[in-house]
$ cat entry33.txt   # compact mmCIF, C-alpha atoms
# COMPACT_ATOMS: atom_id res chain seq x y z
CA MET A 1487 4.19 6.76 13.69
CA LEU A 1488 6.21 5.35 10.79
CA SER A 1489 9.51 6.15 12.48
CA GLN A 1490 8.31 4.79 15.83
CA LEU A 1491 7.63 1.40 14.28
CA LEU A 1492 10.52 1.24 11.82
CA VAL A 1493 13.32 0.63 14.25
CA LYS A 1494 16.81 -0.54 13.34
CA ASP A 1495 16.29 -4.30 13.38
CA ARG A 1496 13.22 -3.99 11.15
CA ILE A 1497 15.07 -2.34 8.27
CA ALA A 1498 17.24 -4.20 5.77
CA VAL A 1499 19.19 -2.96 2.74
CA LEU A 1500 20.20 -5.55 0.14
CA GLU A 1501 21.79 -5.39 -3.29
CA SER A 1502 19.51 -8.01 -4.77
CA VAL A 1503 16.99 -10.75 -4.02
CA ASN A 1504 16.08 -13.88 -6.02
CA ASP A 1505 12.46 -12.99 -6.75
CA TRP A 1506 9.39 -11.37 -5.19
CA GLN A 1507 8.73 -14.41 -2.99
CA HIS A 1508 12.23 -14.06 -1.58
CA ALA A 1509 11.57 -10.36 -0.89
CA ILE A 1510 8.35 -11.21 1.02
CA ASP A 1511 10.21 -13.90 2.99
CA LEU A 1512 12.95 -11.46 3.97
CA VAL A 1513 10.66 -8.56 4.88
CA CYS A 1514 8.45 -10.84 7.03
CA GLU A 1515 11.37 -12.40 8.90
CA PRO A 1516 11.95 -9.73 11.60
CA LEU A 1517 8.24 -9.48 12.42
CA ILE A 1518 7.79 -13.26 12.63
CA ASN A 1519 10.86 -13.45 14.88
CA ASP A 1520 9.61 -10.81 17.30
CA GLY A 1521 6.06 -12.11 17.36
CA SER A 1522 4.38 -9.17 15.57
CA ILE A 1523 2.94 -11.48 12.89
CA SER A 1524 2.46 -15.20 12.63
CA GLU A 1525 3.83 -17.44 9.87
CA PHE A 1526 0.23 -17.60 8.65
CA TYR A 1527 0.30 -13.87 7.86
CA LYS A 1528 3.09 -14.42 5.32
CA GLU A 1529 1.26 -17.37 3.81
CA ALA A 1530 -1.86 -15.22 3.48
CA ILE A 1531 0.14 -12.64 1.50
CA PHE A 1532 1.46 -15.36 -0.83
CA ARG A 1533 -2.00 -16.85 -1.28
CA SER A 1534 -3.72 -13.57 -2.07
CA THR A 1535 -0.90 -12.56 -4.44
CA GLU A 1536 -1.47 -15.81 -6.36
CA GLU A 1537 -5.21 -15.10 -6.45
CA LEU A 1538 -5.30 -11.36 -7.12
CA GLY A 1539 -1.90 -10.39 -8.45
CA PRO A 1540 0.42 -7.81 -6.87
CA TYR A 1541 -2.43 -5.69 -5.43
CA TYR A 1542 -0.09 -4.02 -2.93
CA VAL A 1543 2.30 -2.50 -5.47
CA VAL A 1544 0.85 0.97 -4.97
CA ALA A 1545 3.22 3.24 -6.87
CA PRO A 1546 6.35 3.03 -9.04
CA LYS A 1547 9.07 1.16 -7.09
CA ILE A 1548 6.85 0.75 -4.00
CA ALA A 1549 5.21 -2.39 -2.59
CA MET A 1550 3.25 -2.44 0.66
CA PRO A 1551 2.45 -6.11 1.22
CA HIS A 1552 -0.14 -6.84 3.90
CA ALA A 1553 -2.89 -9.30 4.73
CA ARG A 1554 -6.02 -8.90 6.82
CA PRO A 1555 -5.84 -8.37 10.60
CA ASP A 1556 -7.54 -11.74 11.18
CA GLU A 1557 -4.93 -13.53 9.04
CA GLY A 1558 -2.22 -13.40 11.68
CA ALA A 1559 -1.49 -9.73 12.42
CA ILE A 1560 -0.64 -9.83 16.12
CA LYS A 1561 0.69 -6.30 16.68
CA ASN A 1562 0.74 -3.07 14.68
CA ALA A 1563 4.14 -3.32 13.07
CA LEU A 1564 6.22 -2.42 10.02
CA SER A 1565 9.27 -3.89 8.36
CA LEU A 1566 11.21 -2.32 5.50
CA LEU A 1567 13.34 -3.96 2.82
CA ILE A 1568 15.29 -1.95 0.27
CA VAL A 1569 16.43 -3.85 -2.83
CA LYS A 1570 19.05 -1.84 -4.70
CA ASP A 1571 18.78 -3.76 -7.99
CA GLY A 1572 14.99 -3.91 -7.79
CA VAL A 1573 12.74 -6.96 -8.01
CA SER A 1574 9.80 -7.74 -10.26
CA PHE A 1575 6.42 -8.26 -8.58
CA LYS A 1576 4.83 -8.72 -12.03
CA SER A 1577 3.13 -5.37 -11.62
CA SER A 1578 1.58 -3.93 -14.78
CA GLU A 1579 3.30 -0.54 -14.47
CA ASN A 1580 5.29 -0.20 -11.27
CA ASP A 1581 8.14 -2.71 -11.59
CA PRO A 1582 10.91 -2.96 -10.61
CA VAL A 1583 10.12 -2.62 -6.92
CA HIS A 1584 12.90 -1.19 -4.74
CA LEU A 1585 11.03 -0.42 -1.52
CA VAL A 1586 9.06 -3.18 0.23
CA LEU A 1587 7.17 -2.02 3.32
CA LEU A 1588 5.42 -4.82 5.17
CA LEU A 1589 2.37 -3.65 7.08
CA SER A 1590 0.79 -5.50 9.97
CA ALA A 1591 -2.34 -3.75 11.25
CA ALA A 1592 -3.85 -5.49 14.25
CA ASP A 1593 -5.61 -2.58 15.87
CA SER A 1594 -8.11 -0.73 13.70
CA ASN A 1595 -7.92 2.58 15.60
CA GLN A 1596 -4.18 2.88 15.59
CA HIS A 1597 -3.94 1.73 12.02
CA ILE A 1598 -5.64 4.92 10.79
CA GLU A 1599 -2.78 6.98 12.18
CA LEU A 1600 -0.28 4.50 10.78
CA ILE A 1601 -1.73 4.49 7.24
CA THR A 1602 -1.86 8.30 7.28
CA SER A 1603 1.81 8.41 8.20
CA ILE A 1604 2.78 5.88 5.49
CA SER A 1605 0.76 7.76 2.89
CA GLU A 1606 2.52 11.03 3.75
CA PHE A 1607 5.88 9.32 3.31
CA PHE A 1608 4.95 7.66 -0.02
CA CYS A 1609 3.69 11.00 -1.35
CA HIS A 1610 7.04 12.69 -0.70
CA GLU A 1611 8.78 11.25 -3.71
CA GLY A 1612 12.08 12.91 -2.82
CA ASP A 1613 12.27 11.14 0.52
CA VAL A 1614 11.23 7.81 -1.03
CA GLU A 1615 14.08 8.19 -3.56
CA LYS A 1616 16.53 9.09 -0.79
CA VAL A 1617 15.54 6.00 1.21
CA ILE A 1618 15.97 3.81 -1.88
CA ALA A 1619 19.40 5.35 -2.51
CA SER A 1620 20.53 4.93 1.10
CA SER A 1621 23.29 2.46 1.77
CA SER A 1622 22.90 2.27 5.53
CA VAL A 1623 20.04 1.60 7.92
CA GLN A 1624 21.10 4.63 9.97
CA ASP A 1625 20.68 6.92 6.93
CA ILE A 1626 17.16 5.56 6.40
CA ILE A 1627 16.23 6.16 10.04
CA GLU A 1628 17.43 9.75 9.65
CA ILE A 1629 15.28 10.34 6.52
CA ILE A 1630 12.10 8.85 7.92
CA LYS A 1631 12.31 10.46 11.36
CA ASN A 1632 9.81 13.16 10.39
CA TYR A 1633 7.06 10.65 9.54
CA MET B 1203 -21.70 10.94 -6.06
CA ARG B 1204 -20.70 7.88 -4.08
CA ILE B 1205 -17.11 6.74 -4.48
CA MET B 1206 -15.77 3.51 -2.98
CA ALA B 1207 -12.03 2.91 -2.70
CA VAL B 1208 -11.25 -0.79 -2.79
CA CYS B 1209 -8.26 -2.94 -1.92
CA SER B 1210 -7.88 -6.59 -1.16
CA THR B 1211 -7.96 -6.19 2.62
CA GLY B 1212 -9.87 -2.91 2.97
CA LEU B 1213 -7.22 -1.36 5.16
CA GLY B 1214 -4.12 -0.52 3.14
CA SER B 1215 -4.22 1.16 -0.23
CA SER B 1216 -8.01 1.66 -0.19
CA PHE B 1217 -7.70 3.85 2.87
CA MET B 1218 -4.85 5.85 1.29
CA ILE B 1219 -6.93 6.33 -1.86
CA GLU B 1220 -9.95 7.43 0.19
CA MET B 1221 -7.89 10.14 1.89
CA LYS B 1222 -6.61 11.45 -1.45
CA VAL B 1223 -10.04 11.37 -3.11
CA LYS B 1224 -11.52 13.34 -0.21
CA GLU B 1225 -8.78 15.96 -0.57
CA ILE B 1226 -9.41 16.18 -4.33
CA LEU B 1227 -13.19 16.52 -4.01
CA SER B 1228 -12.79 19.23 -1.42
CA GLU B 1229 -10.35 21.11 -3.70
CA MET B 1230 -12.84 20.83 -6.55
CA GLY B 1231 -15.72 21.89 -4.32
CA ILE B 1232 -17.65 18.73 -5.08
CA GLN B 1233 -19.91 17.00 -2.59
CA GLY B 1234 -19.37 13.30 -2.48
CA GLU B 1235 -19.55 10.33 -0.21
CA VAL B 1236 -16.19 8.56 -0.10
CA ASN B 1237 -15.57 5.30 1.72
CA HIS B 1238 -13.24 2.32 1.55
CA THR B 1239 -13.80 -1.40 1.69
CA ASP B 1240 -12.26 -4.78 0.91
CA LEU B 1241 -12.66 -6.62 -2.35
CA GLY B 1242 -14.82 -9.37 -0.86
CA SER B 1243 -17.42 -6.87 0.37
CA VAL B 1244 -17.95 -5.11 -2.98
CA THR B 1245 -21.53 -5.09 -4.25
CA PRO B 1246 -22.63 -3.19 -7.36
CA ASP B 1247 -25.10 -0.98 -5.46
CA MET B 1248 -22.67 0.28 -2.81
CA ALA B 1249 -21.21 3.09 -4.95
CA ASP B 1250 -21.48 4.92 -8.28
CA VAL B 1251 -17.85 4.30 -9.01
CA PHE B 1252 -15.11 2.11 -7.55
CA ILE B 1253 -11.49 3.22 -7.41
CA CYS B 1254 -8.46 1.01 -6.79
CA THR B 1255 -4.87 0.22 -7.76
CA LYS B 1256 -4.39 -0.83 -11.36
CA ASP B 1257 -3.24 -4.32 -10.42
CA LEU B 1258 -6.53 -4.97 -8.63
CA ALA B 1259 -8.90 -3.37 -11.16
CA GLY B 1260 -9.45 -6.61 -13.07
CA SER B 1261 -10.81 -8.26 -9.92
CA ILE B 1262 -13.66 -5.77 -9.49
CA LEU B 1263 -16.39 -7.10 -11.70
CA SER B 1264 -19.20 -4.72 -10.86
CA GLY B 1265 -19.88 -1.16 -12.00
CA ASP B 1266 -17.55 1.59 -13.15
CA VAL B 1267 -13.94 1.26 -12.05
CA ILE B 1268 -11.20 3.88 -11.98
CA ALA B 1269 -7.79 2.18 -12.00
CA LEU B 1270 -4.80 4.02 -10.55
CA PRO B 1271 -1.27 3.01 -11.58
CA ASN B 1272 0.16 5.20 -8.79
CA ILE B 1273 -1.85 6.06 -5.69
CA THR B 1274 0.61 8.76 -4.64
CA ASP B 1275 0.04 10.72 -7.86
CA LYS B 1276 -2.73 13.10 -6.84
CA VAL B 1277 -2.62 15.06 -10.12
CA ALA B 1278 -3.31 11.93 -12.19
CA MET B 1279 -5.99 10.85 -9.72
CA LYS B 1280 -7.74 14.20 -10.09
CA GLU B 1281 -7.62 13.91 -13.90
CA LYS B 1282 -9.18 10.46 -13.78
CA LEU B 1283 -11.96 11.64 -11.46
CA LYS B 1284 -12.66 14.64 -13.73
CA GLU B 1285 -12.75 12.34 -16.73
CA TYR B 1286 -15.27 10.11 -14.97
CA MET B 1287 -17.49 13.02 -13.93
CA ASN B 1288 -17.52 14.49 -17.44
CA GLN B 1289 -18.67 11.24 -19.03

$ encode --input "entry33.txt" --output "structure tokens"
Amino acid sequence: MLSQLLVKDRIAVLESVNDWQHAIDLVCEPLINDGSISEFYKEAIFRSTEELGPYYVVAPKIAMPHARPDEGAIKNALSLLIVKDGVSFKSSENDPVHLVLLLSAADSNQHIELITSISEFFCHEGDVEKVIASSSVQDIIEIIKNY
Amino acid sequence: MRIMAVCSTGLGSSFMIEMKVKEILSEMGIQGEVNHTDLGSVTPDMADVFICTKDLAGSILSGDVIALPNITDKVAMKEKLKEYMNQ
């Protein structure tokens, strides 16, 4: 499921970003462009981050930003941004973040399968580290093909 | 024991936590009711203990809260659940 949704043009590898807002902007861009999420979805992520803090930084180095389905998730979709130098999300323990996986869950049935697949990937620390260390999108696609 | 995994939207990390907690309870042979919900739906009577990511823990104002720095760390999650049960 993860590999089906994380296709080439939805993966980006960068050396650095300006700040966490910049990272959210960049990771949302491909999904806004292809109509998977609306601009409002990104704004909802910014708004809830201001209100609640970085609630989606789920593990060391890993952020999984997402908003609610009714806040502009149009299709089930994923977008991945790797930041080599890391970026601070002001997380209490998990900064710097290197892997930003944007989740758009529009369909509640399919999203169960999707979350299960993401969870399996996040729990394989070795593969997460390999993805973070990858320098090319093709290498990342190869690592995640089993998820 | 009723355990409620919470995240801001009720569909991302809370669901991942629910899956892990269910695995842990089954390994420990403990009967428990595990569910997940969004922050806005939390009421004090819906569970005995709430469990969420550390960065969200401060936003849950009702009841006992287990805060997880890393939701992929099942060993640490198990320790925290044991600690809670032995209280």

$ residues_near_point --input "entry33.txt" --point "(-1.4, -6.9, 1.8)" --cutoff "7 Å" --atoms "all atoms listed in the file" --output "list in words"
Ile1531, Tyr1542, Met1550, Pro1551, His1552 and Ala1553 of chain A; Thr1211 of chain B

$ residues_around --input "entry33.txt" --residues "region 1568-1584 of chain A" --least-positions-apart "4" --cutoff "12 Å" --atoms "only C-alpha atoms" --output "MDAnalysis selection string"
(chainID A and resid 1496:1510 1512:1513 1532 1535:1536 1538:1551 1588 1614:1623 1626) or (chainID B and resid 1255:1260 1269:1273)

$ axis_aligned_box --input "entry33.txt" --around "region 1525-1532 of chain A" --padding-each-side "6 Å" --output "JSON"
{"center_x": 1.0, "center_y": -15.1, "center_z": 4.5, "size_x": 17.7, "size_y": 17.0, "size_z": 22.7}

$ atom_distance --input "entry33.txt" --atom1 "CA of Leu1564 (chain A)" --atom2 "CA of Leu1491 (chain A)"
5.9 Å

$ closest_residue --input "entry33.txt" --among "A:Glu1525, A:Asp1625, A:Glu1557, A:Asp1495" --to "chain B" --atoms "only C-alpha atoms"
A:Glu1557

$ atom_distance --input "entry33.txt" --atom1 "CA of Leu1566 (chain A)" --atom2 "CA of Leu1585 (chain A)"
7.3 Å

$ closest_residue --input "entry33.txt" --among "A:Gln1596, A:Ser1590, A:Ser1524, A:Ser1605" --to "chain B" --atoms "only C-alpha atoms"
A:Ser1605

$ closest_residue --input "entry33.txt" --among "A:Arg1533, A:Arg1554, A:Lys1631, A:His1610" --to "Asp1593 (chain A)" --atoms "all atoms listed in the file"
A:Arg1554

$ atom_distance --input "entry33.txt" --atom1 "CA of Leu1600 (chain A)" --atom2 "CA of Gln1624 (chain A)"
21.4 Å

$ residues_around --input "entry33.txt" --residues "region 1228-1238 of chain B" --least-positions-apart "2" --cutoff "9 Å" --atoms "all atoms listed in the file" --output "list in words"
Met1203, Arg1204, Ile1205, Met1206, Ala1207, Val1208, Cys1209, Gly1212, Leu1213, Ser1216, Phe1217, Ile1219, Glu1220, Met1221, Val1223, Lys1224, Glu1225, Ile1226, Asp1240 and Ala1249 of chain B

$ closest_residue --input "entry33.txt" --among "B:Leu1227, B:Val1267, B:Leu1283, B:Leu1241" --to "chain A" --atoms "only C-alpha atoms"
B:Leu1241

$ closest_residue --input "entry33.txt" --among "A:Glu1537, A:Lys1561, A:Ile1523, A:Val1586" --to "chain B" --atoms "all atoms listed in the file"
A:Glu1537

$ closest_residue --input "entry33.txt" --among "A:Leu1517, A:Leu1492, A:Leu1567, A:Ala1591" --to "chain B" --atoms "all atoms listed in the file"
A:Ala1591

$ residues_around --input "entry33.txt" --residues "Gly1265 (chain B)" --least-positions-apart "3" --cutoff "10 Å" --atoms "all atoms listed in the file" --output "PyMOL selection string"
chain B and resi 1245-1252+1262

$ build_atoms --input "entry33.txt" --residues "region 1575-1609 of chain A" --atoms "N, CA and C atoms" --output "PDB file, in the frame of the given file"
ATOM      1  N   PHE A1575       7.595  -7.685  -9.239  1.00  0.00           N
ATOM      2  CA  PHE A1575       6.420  -8.260  -8.580  1.00  0.00           C
ATOM      3  C   PHE A1575       5.346  -8.581  -9.640  1.00  0.00           C
ATOM      4  N   LYS A1576       5.757  -8.531 -10.910  1.00  0.00           N
ATOM      5  CA  LYS A1576       4.830  -8.720 -12.030  1.00  0.00           C
ATOM      6  C   LYS A1576       3.713  -7.674 -12.003  1.00  0.00           C
ATOM      7  N   SER A1577       4.085  -6.476 -11.618  1.00  0.00           N
ATOM      8  CA  SER A1577       3.130  -5.370 -11.620  1.00  0.00           C
ATOM      9  C   SER A1577       2.991  -4.849 -13.037  1.00  0.00           C
ATOM     10  N   SER A1578       1.795  -4.378 -13.402  1.00  0.00           N
ATOM     11  CA  SER A1578       1.580  -3.930 -14.780  1.00  0.00           C
ATOM     12  C   SER A1578       2.397  -2.683 -15.107  1.00  0.00           C
ATOM     13  N   GLU A1579       2.596  -1.787 -14.137  1.00  0.00           N
ATOM     14  CA  GLU A1579       3.300  -0.540 -14.470  1.00  0.00           C
ATOM     15  C   GLU A1579       4.400  -0.137 -13.497  1.00  0.00           C
ATOM     16  N   ASN A1580       4.441  -0.755 -12.328  1.00  0.00           N
ATOM     17  CA  ASN A1580       5.290  -0.200 -11.270  1.00  0.00           C
ATOM     18  C   ASN A1580       6.573  -0.972 -10.970  1.00  0.00           C
ATOM     19  N   ASP A1581       6.875  -1.992 -11.743  1.00  0.00           N
ATOM     20  CA  ASP A1581       8.140  -2.710 -11.590  1.00  0.00           C
ATOM     21  C   ASP A1581       9.289  -1.877 -12.119  1.00  0.00           C
ATOM     22  N   PRO A1582      10.510  -2.089 -11.712  1.00  0.00           N
ATOM     23  CA  PRO A1582      10.910  -2.960 -10.610  1.00  0.00           C
ATOM     24  C   PRO A1582      10.653  -2.296  -9.260  1.00  0.00           C
ATOM     25  N   VAL A1583      10.363  -3.116  -8.261  1.00  0.00           N
ATOM     26  CA  VAL A1583      10.120  -2.620  -6.920  1.00  0.00           C
ATOM     27  C   VAL A1583      11.455  -2.524  -6.170  1.00  0.00           C
ATOM     28  N   HIS A1584      11.673  -1.378  -5.535  1.00  0.00           N
ATOM     29  CA  HIS A1584      12.900  -1.190  -4.740  1.00  0.00           C
ATOM     30  C   HIS A1584      12.601  -1.062  -3.258  1.00  0.00           C
ATOM     31  N   LEU A1585      11.369  -0.659  -2.927  1.00  0.00           N
ATOM     32  CA  LEU A1585      11.030  -0.420  -1.520  1.00  0.00           C
ATOM     33  C   LEU A1585       9.865  -1.343  -1.140  1.00  0.00           C
ATOM     34  N   VAL A1586      10.107  -2.246  -0.213  1.00  0.00           N
ATOM     35  CA  VAL A1586       9.060  -3.180   0.230  1.00  0.00           C
ATOM     36  C   VAL A1586       8.759  -2.877   1.702  1.00  0.00           C
ATOM     37  N   LEU A1587       7.561  -2.367   1.952  1.00  0.00           N
ATOM     38  CA  LEU A1587       7.170  -2.020   3.320  1.00  0.00           C
ATOM     39  C   LEU A1587       6.055  -2.966   3.761  1.00  0.00           C
ATOM     40  N   LEU A1588       6.412  -3.869   4.662  1.00  0.00           N
ATOM     41  CA  LEU A1588       5.420  -4.820   5.170  1.00  0.00           C
ATOM     42  C   LEU A1588       4.589  -4.160   6.259  1.00  0.00           C
ATOM     43  N   LEU A1589       3.287  -4.265   6.117  1.00  0.00           N
ATOM     44  CA  LEU A1589       2.370  -3.650   7.080  1.00  0.00           C
ATOM     45  C   LEU A1589       1.609  -4.737   7.824  1.00  0.00           C
ATOM     46  N   SER A1590       1.642  -4.654   9.152  1.00  0.00           N
ATOM     47  CA  SER A1590       0.790  -5.500   9.970  1.00  0.00           C
ATOM     48  C   SER A1590      -0.096  -4.581  10.798  1.00  0.00           C
ATOM     49  N   ALA A1591      -1.388  -4.614  10.529  1.00  0.00           N
ATOM     50  CA  ALA A1591      -2.340  -3.750  11.250  1.00  0.00           C
ATOM     51  C   ALA A1591      -3.264  -4.634  12.072  1.00  0.00           C
ATOM     52  N   ALA A1592      -3.045  -4.642  13.381  1.00  0.00           N
ATOM     53  CA  ALA A1592      -3.850  -5.490  14.250  1.00  0.00           C
ATOM     54  C   ALA A1592      -4.958  -4.695  14.919  1.00  0.00           C
ATOM     55  N   ASP A1593      -4.680  -3.418  15.140  1.00  0.00           N
ATOM     56  CA  ASP A1593      -5.610  -2.580  15.870  1.00  0.00           C
ATOM     57  C   ASP A1593      -6.199  -1.553  14.909  1.00  0.00           C
ATOM     58  N   SER A1594      -7.517  -1.555  14.760  1.00  0.00           N
ATOM     59  CA  SER A1594      -8.110  -0.730  13.700  1.00  0.00           C
ATOM     60  C   SER A1594      -8.054   0.761  14.029  1.00  0.00           C
ATOM     61  N   ASN A1595      -8.000   1.148  15.290  1.00  0.00           N
ATOM     62  CA  ASN A1595      -7.920   2.580  15.600  1.00  0.00           C
ATOM     63  C   ASN A1595      -6.539   3.125  15.310  1.00  0.00           C
ATOM     64  N   GLN A1596      -5.545   2.407  15.789  1.00  0.00           N
ATOM     65  CA  GLN A1596      -4.180   2.880  15.590  1.00  0.00           C
ATOM     66  C   GLN A1596      -3.778   2.803  14.125  1.00  0.00           C
ATOM     67  N   HIS A1597      -4.385   1.907  13.404  1.00  0.00           N
ATOM     68  CA  HIS A1597      -3.940   1.730  12.020  1.00  0.00           C
ATOM     69  C   HIS A1597      -4.287   2.932  11.148  1.00  0.00           C
ATOM     70  N   ILE A1598      -5.287   3.723  11.554  1.00  0.00           N
ATOM     71  CA  ILE A1598      -5.640   4.920  10.790  1.00  0.00           C
ATOM     72  C   ILE A1598      -4.465   5.905  10.826  1.00  0.00           C
ATOM     73  N   GLU A1599      -3.928   6.093  12.017  1.00  0.00           N
ATOM     74  CA  GLU A1599      -2.780   6.980  12.180  1.00  0.00           C
ATOM     75  C   GLU A1599      -1.570   6.455  11.400  1.00  0.00           C
ATOM     76  N   LEU A1600      -1.410   5.133  11.453  1.00  0.00           N
ATOM     77  CA  LEU A1600      -0.280   4.500  10.780  1.00  0.00           C
ATOM     78  C   LEU A1600      -0.377   4.661   9.252  1.00  0.00           C
ATOM     79  N   ILE A1601      -1.556   4.373   8.696  1.00  0.00           N
ATOM     80  CA  ILE A1601      -1.730   4.490   7.240  1.00  0.00           C
ATOM     81  C   ILE A1601      -1.545   5.945   6.798  1.00  0.00           C
ATOM     82  N   THR A1602      -2.027   6.882   7.612  1.00  0.00           N
ATOM     83  CA  THR A1602      -1.860   8.300   7.280  1.00  0.00           C
ATOM     84  C   THR A1602      -0.375   8.640   7.201  1.00  0.00           C
ATOM     85  N   SER A1603       0.392   8.140   8.157  1.00  0.00           N
ATOM     86  CA  SER A1603       1.810   8.410   8.200  1.00  0.00           C
ATOM     87  C   SER A1603       2.541   7.783   6.994  1.00  0.00           C
ATOM     88  N   ILE A1604       2.170   6.551   6.647  1.00  0.00           N
ATOM     89  CA  ILE A1604       2.780   5.880   5.490  1.00  0.00           C
ATOM     90  C   ILE A1604       2.455   6.631   4.208  1.00  0.00           C
ATOM     91  N   SER A1605       1.195   7.050   4.091  1.00  0.00           N
ATOM     92  CA  SER A1605       0.760   7.760   2.890  1.00  0.00           C
ATOM     93  C   SER A1605       1.544   9.062   2.725  1.00  0.00           C
ATOM     94  N   GLU A1606       1.742   9.784   3.815  1.00  0.00           N
ATOM     95  CA  GLU A1606       2.520  11.030   3.750  1.00  0.00           C
ATOM     96  C   GLU A1606       3.936  10.750   3.240  1.00  0.00           C
ATOM     97  N   PHE A1607       4.523   9.681   3.739  1.00  0.00           N
ATOM     98  CA  PHE A1607       5.880   9.320   3.310  1.00  0.00           C
ATOM     99  C   PHE A1607       5.889   8.961   1.813  1.00  0.00           C
ATOM    100  N   PHE A1608       4.987   8.092   1.383  1.00  0.00           N
ATOM    101  CA  PHE A1608       4.950   7.660  -0.020  1.00  0.00           C
ATOM    102  C   PHE A1608       4.733   8.849  -0.965  1.00  0.00           C
ATOM    103  N   CYS A1609       4.000   9.854  -0.491  1.00  0.00           N
ATOM    104  CA  CYS A1609       3.690  11.000  -1.350  1.00  0.00           C
ATOM    105  C   CYS A1609       4.844  11.996  -1.431  1.00  0.00           C
TER     106      CYS A1609
END
